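Taking it in order: structure first as structure tokens, then the write-up.
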Amino acid sequence: MKTLLPFIFAGVVATAIAQTTPAVSESDQGHLDQFEVTTHPYARSQSEIAQPTTVLGGDALDLRQALNLGDLLSREPGVSSTYFGPGAGRPVIRGMAGPRVAVLQNGSDVIDASIISPDHAVSLDPLLIERVEITRGPAALLQGGSAIGGAVNVVTHRIHTSLPDEGVHGRIEGRVGSVDKEVSGGIVLEGAIDQLGWHFDTFYRESEDIDIPGFAESKYLRRLEELEEAEEQHEEDDHDDDHEDEDEHEEEEAFGTLRNTFVETQGGAFGLSWITDNGHIGAAFSMFDSKYGIPPGAHRHEEEHDEEEHHDEDEHEDEHGEEEEELISIDLTQRRFELAGEMREPFDGLQAIRWQAAFADYEHTELEGDEIGTVFTNEGYDIRIDALHQPWGEWQGAIGFEWSLSDFNAVGAEAFVPPTETDVLSLMIFEELETGPNIYQLSARMDNQSIDVKDGTRRNADGTGWATSFGMVHTVSEKWSFATSVSLTERLPISQELYADGPHIGTNAYEIGDPTLDNERSMGIDISLRKSGELFSGILTAFHNDFDDYIYENPTGQEQDELPVYEFTQRDVRSQGIEATGMLHLLESESGHVDLTFGMDLVNAENRTDNTDLPRIPPVRYRAGLVWEYNALRLGTEIIFVDGQDNLAPEELPTDAYELLSAYAAYRFVSGKTTWDLLLRGHNLTDSEARMHTSFLKDVAPLPGLNLSASIRMSF
């Protein structure tokens, strides 16, 4: 903790200096508020929205260079990742994941199976996206009825809303990395012919097993295994000498490399848009194919069970145990079609009508060696219409309708969820009043959900959930503003929570659902203090959520199929925390500037029934960095301190503190009509052992070690 004090002190000093130092030029003013949030009905800027939001785009997005969406966003305030190796990672917001975090693509559901299990990747690649919009907290209800934790919207711009420049323009880029021998590249082309805008993109990414600083297994897991082995050895009879000899011949623990963490991903898209002064209509078709490995430790219980069976069949096969171990890989494909449009002033009383629709055909095959284990499929639709009405007095707003259908099926050994069809019909309303220094925002949502189990049992679950949110943004002065939002939300249980019954290897558990689960209810409040100035800008947010009937997996202490049994149950839960981020301009001139960046976030979540902590809650993090820009050259460094986590749920192992040091150098030059961007980046420069506490694999899969990467982009 002592090593964190200089950075905490720097943040306090920075705030004090910002109030007393004379103003400088406006070159970087508003850096924390440079994008509009498109999921807001009126595309408001971040400072005009009551909910806490973050928009990642431009140069900041380029510096992330991640293999999956969770890793891409894991440095943002309040955001972590489910990290299941480099191939799969879904965002975790304020310690909440799965169905409590909505993941959208251009405002529509991604329509995959990532919500079911952490080893299922989100079906999009970060390489060619334009930006990511993050809304934190339960007031994200406009973006999804289940988004109690928050929402993430990935923007691709495959359907243009305004005409691009005529002719052909775009970008070509390539990247290489050392820690996993990554080789990736992509092309984006777009242009316009009269009123027709078009878009084309394609990408390819390939990486090998990642290098890690030490053992794959954590010291806590190794100690636990040593104790278990000692107990087993103590129970053996003296005449089992042969077994002792064989035990000494066990496979060596993984060290230096995390096996079976390769990633091969490719895809592309084509879009057309017809654009006029009165609106637009467009369509896009995209393909996404990914094959990636699952770290061996993810299936530790299953492997131990298989080894025991093999031993019973033939003791001599132990000599070839390493060859017999079947590595698990995922072969994922998705085909997606999107339609979007807007018509301005179509009727009296309406400013505009906007619509968007997405259809996706998704298939996810789990391979056990070369054999097919389990196949997950999901065919889904997501259709949304928003009508922006003319002002009602001083109020302006929108009424929305959304319909989604998911036809999910799983066949194979890990088919722990029966085939289901989930139909959700939603109605939304948003109203906004701007008067003097205040902006008032009111929203409400109703979700009617129907789940039918398609296994001949005629089981079904119908329910309705209600949610409402009230927010206010108060402008104190030209530089200071205050925002707060209060929300009451309900989340309907999903099919996994209701009907799961089987081994779920992704979580190393035998999961049992409960068809009698009630709606999960939340009352939450967010309070933010925001500063936007020429010298200093930053945001400080505090939040508190009380949940009634929070749905979670409760360990029963029993075992089935060599796996611990977890039952979905409901308890009352409390979650609260703080998020902060800021930038101080230390030096600025016509040629460039030097900035200090800093931030932190923490969250505590506990079961109010028995005062135990919830599992996989991220520990407190601190961040500090320096950025120097001089003409076409950009240099930067950042260090992130992550405390150890010892606020643990039952049967959960702790994680140690660690720090991640990174640095980059970027150079931009223009040659004719072509702009070149060169980037060199180093991550985890101290080669520290880092384990993400929000990951189910934290004890068998650390984060990558030292990584040096280079990229080049040509824009024209």
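If you're wondering about the labels, chains in the structure tokens are A, B, ... by order shown, residues count from 1 in each chain, ligands from 1 in order shown.
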Margin query: List as a ChimeraX atom specification the protein and nucleic acid residues near Thr420 of chain A, meaning an atom at most 9 Å away when only C-alpha atoms are counted, but skip any in the same chain fewer than 3 places from it.
Written below: /A:406-409,417,451-455,495
Next, dump the selected residues to file, keeping only all heavy atoms, as a compact mmCIF listing (two decimals), in the first residue's frame.
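The resulting again_8.txt:
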# COMPACT_ATOMS: atom_id res chain seq x y z
N SER A 406 -34.73 -15.31 -29.16
CA SER A 406 -33.53 -16.14 -29.13
C SER A 406 -33.93 -17.60 -29.12
O SER A 406 -34.64 -18.05 -28.21
CB SER A 406 -32.68 -15.81 -27.89
OG SER A 406 -31.61 -16.72 -27.76
N ASP A 407 -33.49 -18.34 -30.15
CA ASP A 407 -33.73 -19.78 -30.24
C ASP A 407 -32.41 -20.48 -29.94
O ASP A 407 -31.54 -20.62 -30.80
CB ASP A 407 -34.24 -20.12 -31.64
CG ASP A 407 -34.69 -21.58 -31.74
OD1 ASP A 407 -34.50 -22.33 -30.76
OD2 ASP A 407 -35.21 -21.97 -32.80
N PHE A 408 -32.25 -20.90 -28.69
CA PHE A 408 -30.98 -21.44 -28.19
C PHE A 408 -31.05 -22.95 -28.07
O PHE A 408 -32.06 -23.50 -27.62
CB PHE A 408 -30.65 -20.82 -26.83
CG PHE A 408 -29.44 -21.41 -26.17
CD1 PHE A 408 -28.17 -21.00 -26.50
CD2 PHE A 408 -29.58 -22.41 -25.21
CE1 PHE A 408 -27.05 -21.55 -25.90
CE2 PHE A 408 -28.48 -22.97 -24.59
CZ PHE A 408 -27.21 -22.54 -24.93
N ASN A 409 -29.94 -23.61 -28.46
CA ASN A 409 -29.90 -25.06 -28.36
C ASN A 409 -28.48 -25.51 -28.02
O ASN A 409 -27.51 -24.86 -28.43
CB ASN A 409 -30.34 -25.70 -29.68
CG ASN A 409 -30.64 -27.19 -29.52
OD1 ASN A 409 -30.87 -27.67 -28.41
ND2 ASN A 409 -30.63 -27.91 -30.62
N VAL A 417 -27.81 -26.63 -20.21
CA VAL A 417 -29.04 -25.85 -20.34
C VAL A 417 -29.89 -26.49 -21.44
O VAL A 417 -29.38 -26.75 -22.53
CB VAL A 417 -28.73 -24.38 -20.69
CG1 VAL A 417 -30.02 -23.58 -20.82
CG2 VAL A 417 -27.84 -23.76 -19.64
N ILE A 451 -40.22 -17.69 -21.78
CA ILE A 451 -39.22 -18.72 -22.05
C ILE A 451 -39.94 -20.06 -22.17
O ILE A 451 -40.64 -20.49 -21.25
CB ILE A 451 -38.17 -18.79 -20.92
CG1 ILE A 451 -37.43 -17.46 -20.79
CG2 ILE A 451 -37.18 -19.92 -21.19
CD1 ILE A 451 -36.42 -17.45 -19.65
N ASP A 452 -39.77 -20.71 -23.32
CA ASP A 452 -40.34 -22.03 -23.56
C ASP A 452 -39.20 -23.04 -23.69
O ASP A 452 -38.28 -22.85 -24.50
CB ASP A 452 -41.18 -22.05 -24.84
CG ASP A 452 -42.44 -21.19 -24.70
OD1 ASP A 452 -43.05 -21.22 -23.61
OD2 ASP A 452 -42.80 -20.50 -25.66
N VAL A 453 -39.29 -24.12 -22.91
CA VAL A 453 -38.29 -25.19 -22.97
C VAL A 453 -38.73 -26.19 -24.03
O VAL A 453 -39.83 -26.74 -23.96
CB VAL A 453 -38.13 -25.87 -21.60
CG1 VAL A 453 -37.07 -26.96 -21.67
CG2 VAL A 453 -37.76 -24.84 -20.54
N LYS A 454 -37.85 -26.43 -25.01
CA LYS A 454 -38.22 -27.25 -26.16
C LYS A 454 -37.63 -28.66 -26.05
O LYS A 454 -36.92 -29.13 -26.92
CB LYS A 454 -37.74 -26.59 -27.45
CG LYS A 454 -38.29 -25.18 -27.68
CD LYS A 454 -37.95 -24.66 -29.05
CE LYS A 454 -36.47 -24.66 -29.32
NZ LYS A 454 -36.14 -24.19 -30.67
N ASP A 455 -37.96 -29.33 -24.94
CA ASP A 455 -37.48 -30.69 -24.75
C ASP A 455 -38.62 -31.67 -24.52
O ASP A 455 -38.41 -32.80 -24.05
CB ASP A 455 -36.49 -30.75 -23.58
CG ASP A 455 -37.11 -30.33 -22.26
OD1 ASP A 455 -38.29 -29.91 -22.25
OD2 ASP A 455 -36.42 -30.40 -21.22
N SER A 495 -32.77 -18.33 -18.85
CA SER A 495 -33.01 -19.77 -18.92
C SER A 495 -31.99 -20.56 -18.12
O SER A 495 -32.32 -21.58 -17.50
CB SER A 495 -33.02 -20.22 -20.38
OG SER A 495 -31.79 -19.92 -21.01
Next item on the list: Please provide the set of residues having any atom within 7 Å of Trp395 of chain A, restricted to only C-alpha atoms, with same-chain residues fewer than 2 positions apart removed, written as a PyMOL selection string.
Entry: chain A and resi 391-393+397+431-433
Note to self: Taking only C-alpha atoms into account, name the residue in A:Ile429, A:Ala269, A:Val122, A:Leu626 that is nearest to Thr202 of chain A.
What the structure shows: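 Among the listed residues, the smallest separation from Thr202 of chain A belongs to A:Ala269.
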Note to self: At a cut-off of 10 Å, using only C-alpha atoms, what residues contact Arg616 of chain A? Leave out same-chain residues fewer than 2 positions from it and give the result as an NGL selection string.
What the structure shows: :A and (82 or 92 or 95-97 or 605 or 613-614 or 618-619 or 645 or 647-649 or 652-654 or 692-696 or 698)
Next item on the list: Taking the chain letters and numbering used in this document, name the residues of segment 161-269 of chain A that DSSP puts in strand (DSSP E or B), as a PyMOL selection string.
Entry: chain A and resi 167-177+183-193+196-207+210-215+255-258+263-269
Check: Leaving out segment 155-172 of chain A and any residue of its chain fewer than 3 positions from it, which residues lie within 9 Å of it when counting only C-alpha atoms, given as a VMD selection string?
Finding: chain A and resid 38 104 to 107 128 to 133 185 to 201 269 to 276 279 to 285 338 to 342 712 to 716
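Closest approach to Lys479 of chain A among A:Ser537, A:Val176, A:Pro503, A:Asn508: A:Ser537, based on only C-alpha atoms.
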Margin query: What parts of segment 135-173 of chain A does DSSP call helix (DSSP H, G or I)? I'd like the answer as a PyMOL selection string.
Written below: chain A and resi 138-143
Pull N, CA, C and O atoms from the residues just selected and write them as a short mmCIF file (atom, residue, chain, number, x, y, z; two decimals), in the first residue's frame.
data_model
loop_
_atom_site.label_atom_id
_atom_site.label_comp_id
_atom_site.auth_asym_id
_atom_site.auth_seq_id
_atom_site.Cartn_x
_atom_site.Cartn_y
_atom_site.Cartn_z
N PRO A 138 -27.33 0.69 -12.97
CA PRO A 138 -28.65 0.21 -13.38
C PRO A 138 -29.45 1.20 -14.21
O PRO A 138 -30.45 0.82 -14.82
N ALA A 139 -29.06 2.46 -14.27
CA ALA A 139 -29.79 3.44 -15.08
C ALA A 139 -29.55 3.24 -16.57
O ALA A 139 -30.05 4.01 -17.39
N ALA A 140 -28.81 2.19 -16.95
CA ALA A 140 -28.59 1.86 -18.36
C ALA A 140 -29.78 1.11 -18.95
O ALA A 140 -29.65 0.44 -19.97
N LEU A 141 -30.95 1.23 -18.34
CA LEU A 141 -32.09 0.41 -18.72
C LEU A 141 -32.57 0.66 -20.14
O LEU A 141 -33.23 -0.20 -20.75
N LEU A 142 -32.28 1.83 -20.74
CA LEU A 142 -32.67 2.06 -22.12
C LEU A 142 -31.93 1.12 -23.07
O LEU A 142 -32.37 0.89 -24.20
N GLN A 143 -30.80 0.58 -22.64
CA GLN A 143 -29.98 -0.26 -23.51
C GLN A 143 -30.21 -1.75 -23.27
O GLN A 143 -29.57 -2.57 -23.90
#
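Closest approach to Leu258 of chain A among A:Leu227, A:Leu540, A:Val700, A:Ile116: A:Val700, based on only C-alpha atoms.
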Next item on the list: Would you kindly return, as a ChimeraX atom specification, each protein, DNA or RNA residue with an atom no farther than 12 Å from any atom of Asp514 of chain A, considering only C-alpha atoms and excluding same-chain residues fewer than 4 positions away?
Entry: /A:461,493-501,518,551-554,566-570
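Closest approach to Thr686 of chain A among A:Glu659, A:Glu520, A:Glu379, A:Asp699 is made by A:Glu659 (distances from only C-alpha atoms).
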Next item on the list: Write out as a ChimeraX atom specification each polymer residue whose atoms come within 6 Å of Asp289 of chain A, counting only C-alpha atoms; drop sequence neighbours fewer than 2 positions from it.
Entry: /A:265-267,332-333
Quick one: write out the picked residues with all heavy atoms as a PDB file, in the first residue's frame?
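Just written: part_11.pdb:
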ATOM      1  N   THR A 265      -8.642 -15.761 -35.693  1.00  0.00           N
ATOM      2  CA  THR A 265      -9.903 -15.059 -35.926  1.00  0.00           C
ATOM      3  C   THR A 265      -9.859 -14.358 -37.266  1.00  0.00           C
ATOM      4  O   THR A 265      -8.838 -13.780 -37.644  1.00  0.00           O
ATOM      5  CB  THR A 265     -10.167 -14.022 -34.814  1.00  0.00           C
ATOM      6  OG1 THR A 265     -10.140 -14.675 -33.543  1.00  0.00           O
ATOM      7  CG2 THR A 265     -11.523 -13.365 -34.985  1.00  0.00           C
ATOM      8  N   GLN A 266     -10.975 -14.399 -37.967  1.00  0.00           N
ATOM      9  CA  GLN A 266     -11.091 -13.677 -39.225  1.00  0.00           C
ATOM     10  C   GLN A 266     -12.541 -13.283 -39.437  1.00  0.00           C
ATOM     11  O   GLN A 266     -13.459 -13.863 -38.855  1.00  0.00           O
ATOM     12  CB  GLN A 266     -10.594 -14.527 -40.391  1.00  0.00           C
ATOM     13  CG  GLN A 266     -11.337 -15.832 -40.567  1.00  0.00           C
ATOM     14  CD  GLN A 266     -10.705 -16.707 -41.632  1.00  0.00           C
ATOM     15  OE1 GLN A 266      -9.896 -16.251 -42.420  1.00  0.00           O
ATOM     16  NE2 GLN A 266     -11.086 -17.982 -41.655  1.00  0.00           N
ATOM     17  N   GLY A 267     -12.746 -12.289 -40.273  1.00  0.00           N
ATOM     18  CA  GLY A 267     -14.103 -11.842 -40.538  1.00  0.00           C
ATOM     19  C   GLY A 267     -14.117 -10.662 -41.493  1.00  0.00           C
ATOM     20  O   GLY A 267     -13.082 -10.231 -42.008  1.00  0.00           O
ATOM     21  N   LEU A 332     -15.977 -21.135 -33.410  1.00  0.00           N
ATOM     22  CA  LEU A 332     -17.134 -20.233 -33.324  1.00  0.00           C
ATOM     23  C   LEU A 332     -17.370 -19.562 -34.670  1.00  0.00           C
ATOM     24  O   LEU A 332     -16.427 -19.076 -35.303  1.00  0.00           O
ATOM     25  CB  LEU A 332     -16.884 -19.196 -32.224  1.00  0.00           C
ATOM     26  CG  LEU A 332     -17.918 -18.147 -31.872  1.00  0.00           C
ATOM     27  CD1 LEU A 332     -17.630 -17.624 -30.457  1.00  0.00           C
ATOM     28  CD2 LEU A 332     -17.900 -16.964 -32.830  1.00  0.00           C
ATOM     29  N   THR A 333     -18.617 -19.517 -35.092  1.00  0.00           N
ATOM     30  CA  THR A 333     -18.977 -18.787 -36.313  1.00  0.00           C
ATOM     31  C   THR A 333     -20.257 -18.001 -36.068  1.00  0.00           C
ATOM     32  O   THR A 333     -21.146 -18.440 -35.324  1.00  0.00           O
ATOM     33  CB  THR A 333     -19.193 -19.732 -37.510  1.00  0.00           C
ATOM     34  OG1 THR A 333     -20.317 -20.581 -37.250  1.00  0.00           O
ATOM     35  CG2 THR A 333     -17.966 -20.584 -37.767  1.00  0.00           C
TER      36      THR A 333
END
Just want the 9 Å neighbourhood of Ile330 of chain A, counted on only C-alpha atoms, with same-chain residues fewer than 6 positions away dropped. Output as a tab-separated table (two decimals) with C-alpha atoms, in the first residue's frame.
chain	number	residue	atom	x	y	z
A	87	GLY	CA	-9.62	-16.02	-26.80
A	119	ASP	CA	-15.46	-19.48	-22.00
A	120	HIS	CA	-17.80	-18.31	-24.78
A	290	SER	CA	-12.89	-17.63	-34.45
A	291	LYS	CA	-11.05	-20.68	-33.19
A	292	TYR	CA	-9.30	-20.44	-29.83
A	293	GLY	CA	-7.93	-22.69	-27.13
A	294	ILE	CA	-9.05	-23.03	-23.53
A	364	HIS	CA	-20.23	-22.54	-31.13
A	365	THR	CA	-18.56	-25.96	-31.21
A	366	GLU	CA	-16.46	-27.22	-28.33
A	367	LEU	CA	-13.77	-29.62	-29.53
Next item on the list: Mind giving me the straight-line distance from atom CA of Leu708 of chain A to atom CA of Asp211 of chain A in Å, one decimal?
Entry: 11.8 Å
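Picture a line from atom CA of Leu678 of chain A to atom CA of Val627 of chain A; it runs 16.5 Å.
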